[in-house]
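Q: The structure that follows is given in the form of structure tokens.
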Amino acid sequence: MTGQRDAIPPILLVGCGRMGSALLAGWEADGLQRSAIVDPDPAFPATSASPSFASRHDLVRDIASLPAEFRPRAVVLAVKPQAADAAMAALAERLGDRLGDAVILSIMAGRTLSGLAAALPRASGLVRAMPNTPASIGRGISVAVASPGTSAAQHALCDRLLRAAGGVEWVEDEALLDPVTAVSGSGPAYVFLLAELMEQAGRAQGLPPALARRLARETVTGAGALLAASPDEDAAALRIAVTSPGGTTQAALGVLMRQDAWPTSVADAIEAATERSRALAR
Ligand SMILES: NC(=O)c1ccc[n+]([C@@H]2O[C@H](COP(=O)([O-])OP(=O)(O)OC[C@H]3O[C@@H](n4cnc5c(N)ncnc54)[C@H](OP(=O)(O)O)[C@@H]3O)[C@@H](O)[C@H]2O)c1
């Protein structure tokens, strides 16, 4: 990518934990101009991954320590929601009159566009996005929504910042971020649970622990890769293709697909997560 198009302009990343460092790794790979990263922990993952990183960017422990002349083109908020109020108050105080054309890109769960606008009244553009953890290997999927005042250039910059970690979808209706959070934001955990339960069940049927673990992991990742390699096929078609009448797969699916089994529990789980997302946003 680098060399074929301009480097990403200066970014202020607030919070460099799991998600912030995953995004940062993608931006670095895409070419990132001198940026600033705020995190209380100076040993956050990006610094240990690349020793020259600290010389290429400004790493500070708090917003008050940002270089006076620093003018970011985007401020990416990647702290936990419970740390958001303090971070945004510090940002408004320190950068209030220097936000200029910078767009605010928040990936914080449950923090609405109106809440962001109230906390950062001088921001000219606001984008709220929900990524997921496969972002750490460039295989995330993010869904984003922009406030009406967000310019086309700000929209394009946020799209580029999110695309560095995987796919991006934009929606107009912010309320969709709640079911998005339930399906893709929290979704990787459901898949990890599946691997966990398959491993346990394999052991219960007599498989040695290491073999049960390997079979469960390889099956989940292999099936996921097959799904990714078959973009025009419904998941249901792939399932039907491996289900012989009267065979072993059908015996298992007869249990899993009972109306009171997966159809109900997955629907209930997604509903519970959607409701929780709505409650967090209140
Ligand atoms: N993980 C996910 O699957 C996922 C998916 C979608 C969206 N998100 C959202 O992404 C955000 C970050 O999640 P995460 O999993 O990356 O959390 P995380 O690993 O805890 O990262 C947050 C980082 O922000 C730092 N921090 C705390 N207060 C700060 C402040 N005032 N200024 C600057 N940095 C500060 C934390 O430092 P300390 O640890 O020292 O407090 C930590 O390094 C959350 O809002 C979450 O809703 C996460």
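By order in the structure tokens, chains are A, B, ...; within a chain, residues start at 1; ligands start at 1, following the order shown.
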Could you pull out the residues sitting within 6 Å of ligand 1, using only C-alpha atoms and all ligand atoms, and write them as a ChimeraX atom specification?

A: /A:14-20,38-41,62,78-81,83,86-87,107-109,130-133,185

Q: Residues as selected, N, CA and C atoms, written as an mmCIF file, in the first residue's frame, can you do that?

A:
```cif
data_model
loop_
_atom_site.group_PDB
_atom_site.id
_atom_site.type_symbol
_atom_site.label_atom_id
_atom_site.label_comp_id
_atom_site.auth_asym_id
_atom_site.auth_seq_id
_atom_site.Cartn_x
_atom_site.Cartn_y
_atom_site.Cartn_z
ATOM 1 N N VAL A 14 -6.335 7.673 21.417
ATOM 2 C CA VAL A 14 -6.527 7.751 22.873
ATOM 3 C C VAL A 14 -6.950 6.376 23.367
ATOM 4 N N GLY A 15 -6.031 5.671 24.008
ATOM 5 C CA GLY A 15 -6.281 4.302 24.471
ATOM 6 C C GLY A 15 -5.653 3.318 23.510
ATOM 7 N N CYS A 16 -4.575 2.675 23.947
ATOM 8 C CA CYS A 16 -3.872 1.738 23.058
ATOM 9 C C CYS A 16 -3.861 0.355 23.696
ATOM 10 N N GLY A 17 -5.058 -0.158 23.963
ATOM 11 C CA GLY A 17 -5.188 -1.512 24.497
ATOM 12 C C GLY A 17 -5.339 -2.492 23.354
ATOM 13 N N ARG A 18 -6.180 -3.511 23.561
ATOM 14 C CA ARG A 18 -6.341 -4.541 22.524
ATOM 15 C C ARG A 18 -6.800 -3.942 21.190
ATOM 16 N N MET A 19 -7.887 -3.170 21.243
ATOM 17 C CA MET A 19 -8.449 -2.685 19.992
ATOM 18 C C MET A 19 -7.635 -1.535 19.414
ATOM 19 N N GLY A 20 -7.207 -0.610 20.277
ATOM 20 C CA GLY A 20 -6.417 0.518 19.793
ATOM 21 C C GLY A 20 -5.120 0.047 19.144
ATOM 22 N N VAL A 38 -1.893 8.146 23.261
ATOM 23 C CA VAL A 38 -2.046 8.387 24.696
ATOM 24 C C VAL A 38 -2.490 7.100 25.363
ATOM 25 N N ASP A 39 -1.734 6.656 26.356
ATOM 26 C CA ASP A 39 -2.117 5.476 27.141
ATOM 27 C C ASP A 39 -1.325 5.529 28.441
ATOM 28 N N PRO A 40 -1.973 5.213 29.559
ATOM 29 C CA PRO A 40 -1.237 5.269 30.834
ATOM 30 C C PRO A 40 -0.100 4.271 30.913
ATOM 31 N N ASP A 41 -0.168 3.206 30.112
ATOM 32 C CA ASP A 41 0.859 2.166 30.181
ATOM 33 C C ASP A 41 1.874 2.369 29.063
ATOM 34 N N ASP A 62 -0.743 10.774 29.277
ATOM 35 C CA ASP A 62 -2.049 11.421 29.447
ATOM 36 C C ASP A 62 -2.199 12.548 28.430
ATOM 37 N N ALA A 78 -10.402 5.022 21.883
ATOM 38 C CA ALA A 78 -10.404 3.562 22.040
ATOM 39 C C ALA A 78 -10.163 3.175 23.487
ATOM 40 N N VAL A 79 -10.699 3.986 24.404
ATOM 41 C CA VAL A 79 -10.642 3.605 25.827
ATOM 42 C C VAL A 79 -11.909 2.837 26.172
ATOM 43 N N LYS A 80 -11.922 2.159 27.305
ATOM 44 C CA LYS A 80 -13.137 1.480 27.764
ATOM 45 C C LYS A 80 -14.213 2.533 28.013
ATOM 46 N N PRO A 81 -15.476 2.187 27.799
ATOM 47 C CA PRO A 81 -16.533 3.192 27.984
ATOM 48 C C PRO A 81 -16.479 3.869 29.353
ATOM 49 N N ALA A 83 -13.971 4.720 30.999
ATOM 50 C CA ALA A 83 -12.896 5.726 31.067
ATOM 51 C C ALA A 83 -13.169 6.885 30.111
ATOM 52 N N ALA A 86 -13.731 10.820 31.450
ATOM 53 C CA ALA A 86 -12.491 11.501 31.857
ATOM 54 C C ALA A 86 -11.637 11.818 30.632
ATOM 55 N N ALA A 87 -11.552 10.862 29.700
ATOM 56 C CA ALA A 87 -10.716 11.064 28.514
ATOM 57 C C ALA A 87 -11.265 12.205 27.652
ATOM 58 N N ILE A 107 -14.672 4.160 18.903
ATOM 59 C CA ILE A 107 -15.027 2.735 18.786
ATOM 60 C C ILE A 107 -15.582 2.232 20.118
ATOM 61 N N MET A 108 -15.941 3.157 21.007
ATOM 62 C CA MET A 108 -16.376 2.762 22.350
ATOM 63 C C MET A 108 -17.813 2.242 22.319
ATOM 64 N N ALA A 109 -18.011 1.090 22.922
ATOM 65 C CA ALA A 109 -19.352 0.513 22.969
ATOM 66 C C ALA A 109 -20.264 1.431 23.776
ATOM 67 N N MET A 130 -18.219 0.250 15.403
ATOM 68 C CA MET A 130 -18.101 -0.968 16.213
ATOM 69 C C MET A 130 -17.240 -1.971 15.440
ATOM 70 N N PRO A 131 -15.972 -2.114 15.822
ATOM 71 C CA PRO A 131 -15.128 -3.145 15.198
ATOM 72 C C PRO A 131 -15.264 -4.459 15.980
ATOM 73 N N ASN A 132 -14.460 -5.455 15.633
ATOM 74 C CA ASN A 132 -14.403 -6.667 16.471
ATOM 75 C C ASN A 132 -12.966 -7.187 16.520
ATOM 76 N N THR A 133 -12.713 -8.137 17.412
ATOM 77 C CA THR A 133 -11.321 -8.479 17.712
ATOM 78 C C THR A 133 -10.522 -9.106 16.572
ATOM 79 N N GLY A 185 -19.756 -7.446 17.035
ATOM 80 C CA GLY A 185 -18.881 -6.936 18.098
ATOM 81 C C GLY A 185 -18.584 -8.013 19.130
#
```

Q: Find the spatial neighbours of A:Val171, counting only C-alpha atoms, within a cut-off of 7 Å - ignore same-chain residues fewer than 2 positions away - and output them as a list in words.

A: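 What passes the distance filter is Ala144, Val145, Glu169 and Asp173 of chain A.
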
Q: Stretch 113-125 of chain A: which residues within 6 Å, counting only C-alpha atoms, same-chain residues fewer than 6 positions away excluded, as a count of residues only?

A: 4

Q: Using only C-alpha atoms, find the one residue out of A:Gly222, A:Gly26, A:Gly100, A:Pro245 that sits nearest to A:Gly166.

A: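 Closest candidate: A:Gly26.
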
Q: If I take atom CA of A:His57 and atom CA of A:Gly140, how far is one from the other in Å, to one decimal?

A: 24.6 Å

Q: Pick out each residue of stretch 40-261 of chain A that DSSP on the backbone tags as helix (DSSP H, G or I); I need them as a ChimeraX atom specification.

A: /A:45-49,53-56,63-65,81-98,113-119,133-137,152-163,174-185,187-204,209-228,235-241,248-256

Q: Quick check, in Å to one decimal: how far apart do atom CA of A:Trp27 and atom CA of A:Leu161 lie?

A: 6.7 Å

Q: Within 12 Å of A:Ala68, counting only C-alpha atoms, which residues qualify if same-chain residues fewer than 6 places away don't, as a list in words?

A: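 Skipping anything fewer than 6 positions along the chain leaves Ala36, Asp58, Arg94, Leu95, Asp97 and Arg98 of chain A.
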
Q: Export, as a PDB file, in the first residue's frame, the selected residues with N, CA and C atoms.

A:
```pdb
ATOM      1  N   ALA A  36       0.277  10.724  17.526  1.00  0.00           N
ATOM      2  CA  ALA A  36       0.429  10.717  18.988  1.00  0.00           C
ATOM      3  C   ALA A  36      -0.464   9.643  19.576  1.00  0.00           C
ATOM      4  N   ASP A  58       4.715  10.216  18.935  1.00  0.00           N
ATOM      5  CA  ASP A  58       4.758  10.751  20.305  1.00  0.00           C
ATOM      6  C   ASP A  58       3.904   9.868  21.189  1.00  0.00           C
ATOM      7  N   ARG A  94      -7.788  20.142  26.620  1.00  0.00           N
ATOM      8  CA  ARG A  94      -6.438  20.276  26.053  1.00  0.00           C
ATOM      9  C   ARG A  94      -6.471  20.664  24.570  1.00  0.00           C
ATOM     10  N   LEU A  95      -7.414  20.074  23.833  1.00  0.00           N
ATOM     11  CA  LEU A  95      -7.396  20.257  22.380  1.00  0.00           C
ATOM     12  C   LEU A  95      -8.584  21.055  21.866  1.00  0.00           C
ATOM     13  N   ASP A  97      -9.609  24.014  21.238  1.00  0.00           N
ATOM     14  CA  ASP A  97      -9.483  24.970  20.137  1.00  0.00           C
ATOM     15  C   ASP A  97      -8.523  24.483  19.059  1.00  0.00           C
ATOM     16  N   ARG A  98      -7.976  23.284  19.239  1.00  0.00           N
ATOM     17  CA  ARG A  98      -7.056  22.770  18.207  1.00  0.00           C
ATOM     18  C   ARG A  98      -7.652  21.586  17.456  1.00  0.00           C
TER      19      ARG A  98
END
```

Q: Do you know which residues are at most 12 Å from A:Ile141 counting only C-alpha atoms, after dropping those on the same chain fewer than 4 positions away, and could you put them as a short mmCIF file (atom, residue, chain, number, x, y, z; two decimals) with N, CA, C and O atoms, in the first residue's frame?

A:
```cif
data_model
loop_
_atom_site.label_atom_id
_atom_site.label_comp_id
_atom_site.auth_asym_id
_atom_site.auth_seq_id
_atom_site.Cartn_x
_atom_site.Cartn_y
_atom_site.Cartn_z
N LEU A 23 -5.78 -1.51 15.69
CA LEU A 23 -5.96 -0.49 14.65
C LEU A 23 -4.62 0.15 14.28
O LEU A 23 -4.30 0.31 13.10
N ALA A 129 -18.11 3.84 15.57
CA ALA A 129 -17.92 2.56 14.87
C ALA A 129 -17.84 1.41 15.86
O ALA A 129 -17.47 1.60 17.02
N MET A 130 -18.22 0.25 15.40
CA MET A 130 -18.10 -0.97 16.21
C MET A 130 -17.24 -1.97 15.44
O MET A 130 -17.70 -2.59 14.47
N PRO A 131 -15.97 -2.11 15.82
CA PRO A 131 -15.13 -3.14 15.20
C PRO A 131 -15.26 -4.46 15.98
O PRO A 131 -16.10 -4.57 16.87
N ASN A 132 -14.46 -5.45 15.63
CA ASN A 132 -14.40 -6.67 16.47
C ASN A 132 -12.97 -7.19 16.52
O ASN A 132 -12.10 -6.71 15.79
N THR A 133 -12.71 -8.14 17.41
CA THR A 133 -11.32 -8.48 17.71
C THR A 133 -10.52 -9.11 16.57
O THR A 133 -9.30 -8.97 16.58
N PRO A 134 -11.12 -9.77 15.57
CA PRO A 134 -10.27 -10.22 14.47
C PRO A 134 -9.55 -9.05 13.77
O PRO A 134 -8.66 -9.26 12.93
N ALA A 135 -9.88 -7.83 14.15
CA ALA A 135 -9.12 -6.65 13.69
C ALA A 135 -7.64 -6.83 13.98
O ALA A 135 -6.78 -6.33 13.24
N SER A 136 -7.30 -7.57 15.05
CA SER A 136 -5.89 -7.71 15.42
C SER A 136 -5.10 -8.50 14.39
O SER A 136 -3.87 -8.45 14.39
N ILE A 137 -5.78 -9.23 13.50
CA ILE A 137 -5.08 -9.92 12.41
C ILE A 137 -5.58 -9.40 11.05
O ILE A 137 -5.48 -10.09 10.03
N ASP A 159 -13.11 5.84 7.13
CA ASP A 159 -13.23 4.60 6.38
C ASP A 159 -11.85 3.96 6.21
O ASP A 159 -11.67 2.75 6.41
N LEU A 162 -10.55 2.52 9.58
CA LEU A 162 -11.21 1.26 9.98
C LEU A 162 -10.84 0.13 9.02
O LEU A 162 -10.67 -1.02 9.43
N ARG A 163 -10.68 0.47 7.74
CA ARG A 163 -10.38 -0.56 6.73
C ARG A 163 -9.00 -1.18 6.96
O ARG A 163 -8.74 -2.30 6.53
N ALA A 164 -8.13 -0.46 7.66
CA ALA A 164 -6.80 -1.01 7.96
C ALA A 164 -6.91 -2.25 8.84
O ALA A 164 -5.95 -3.02 8.96
N ALA A 165 -8.07 -2.45 9.47
CA ALA A 165 -8.24 -3.61 10.35
C ALA A 165 -9.24 -4.62 9.80
O ALA A 165 -9.63 -5.54 10.51
N GLY A 166 -9.67 -4.45 8.55
CA GLY A 166 -10.61 -5.41 7.96
C GLY A 166 -11.70 -4.71 7.16
O GLY A 166 -11.49 -3.61 6.65
N GLY A 167 -12.86 -5.35 7.07
CA GLY A 167 -13.96 -4.80 6.28
C GLY A 167 -14.68 -3.68 7.02
O GLY A 167 -14.58 -3.55 8.24
N VAL A 168 -15.40 -2.85 6.25
CA VAL A 168 -16.17 -1.75 6.84
C VAL A 168 -17.52 -1.65 6.15
O VAL A 168 -17.61 -1.74 4.92
N GLU A 169 -18.56 -1.50 6.95
CA GLU A 169 -19.89 -1.22 6.44
C GLU A 169 -20.36 0.08 7.09
O GLU A 169 -20.11 0.30 8.28
N TRP A 170 -21.02 0.92 6.32
CA TRP A 170 -21.58 2.17 6.87
C TRP A 170 -23.09 2.06 6.91
O TRP A 170 -23.71 1.52 5.98
N VAL A 180 -25.72 -4.68 15.74
CA VAL A 180 -24.36 -4.89 15.19
C VAL A 180 -23.43 -5.34 16.31
O VAL A 180 -22.66 -6.30 16.18
N THR A 181 -23.51 -4.65 17.44
CA THR A 181 -22.67 -5.01 18.59
C THR A 181 -22.93 -6.45 19.00
O THR A 181 -22.01 -7.22 19.29
N VAL A 183 -24.14 -8.95 17.12
CA VAL A 183 -23.78 -9.98 16.12
C VAL A 183 -22.26 -10.01 15.90
O VAL A 183 -21.62 -11.05 16.10
N SER A 184 -21.68 -8.89 15.50
CA SER A 184 -20.26 -8.94 15.13
C SER A 184 -19.33 -8.44 16.23
O SER A 184 -18.21 -8.95 16.36
N GLY A 185 -19.76 -7.45 17.04
CA GLY A 185 -18.88 -6.94 18.10
C GLY A 185 -18.58 -8.01 19.13
O GLY A 185 -17.44 -8.30 19.45
N SER A 186 -19.64 -8.65 19.62
CA SER A 186 -19.49 -9.71 20.63
C SER A 186 -19.32 -11.08 19.98
O SER A 186 -18.96 -12.04 20.66
N GLY A 187 -19.62 -11.18 18.69
CA GLY A 187 -19.69 -12.47 18.00
C GLY A 187 -18.47 -13.37 18.11
O GLY A 187 -18.62 -14.59 18.26
N PRO A 188 -17.23 -12.83 18.04
CA PRO A 188 -16.09 -13.74 18.14
C PRO A 188 -16.14 -14.60 19.40
O PRO A 188 -15.74 -15.77 19.37
#
```

Q: Contacts of A:Gly224 at 10 Å or less, counting only C-alpha atoms, minus same-chain residues fewer than 6 places along, as a PyMOL selection string?

A: chain A and resi 191+218+230

Q: Taking only stretch 64-107 of chain A into account, list the residues labelled strand (DSSP E) by DSSP (computed from the backbone), as a list of chain:residue names.

A: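 Of stretch 64-107 of chain A, the ones in strand (DSSP E) are A:Ala74, A:Val75, A:Val76, A:Leu77, A:Val103, A:Ile104, A:Leu105, A:Ser106.
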
Q: Which distance in Å separates atom CA of A:Gly96 and atom CA of A:Leu157, to one decimal?

A: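 So the answer is 20.5 Å.
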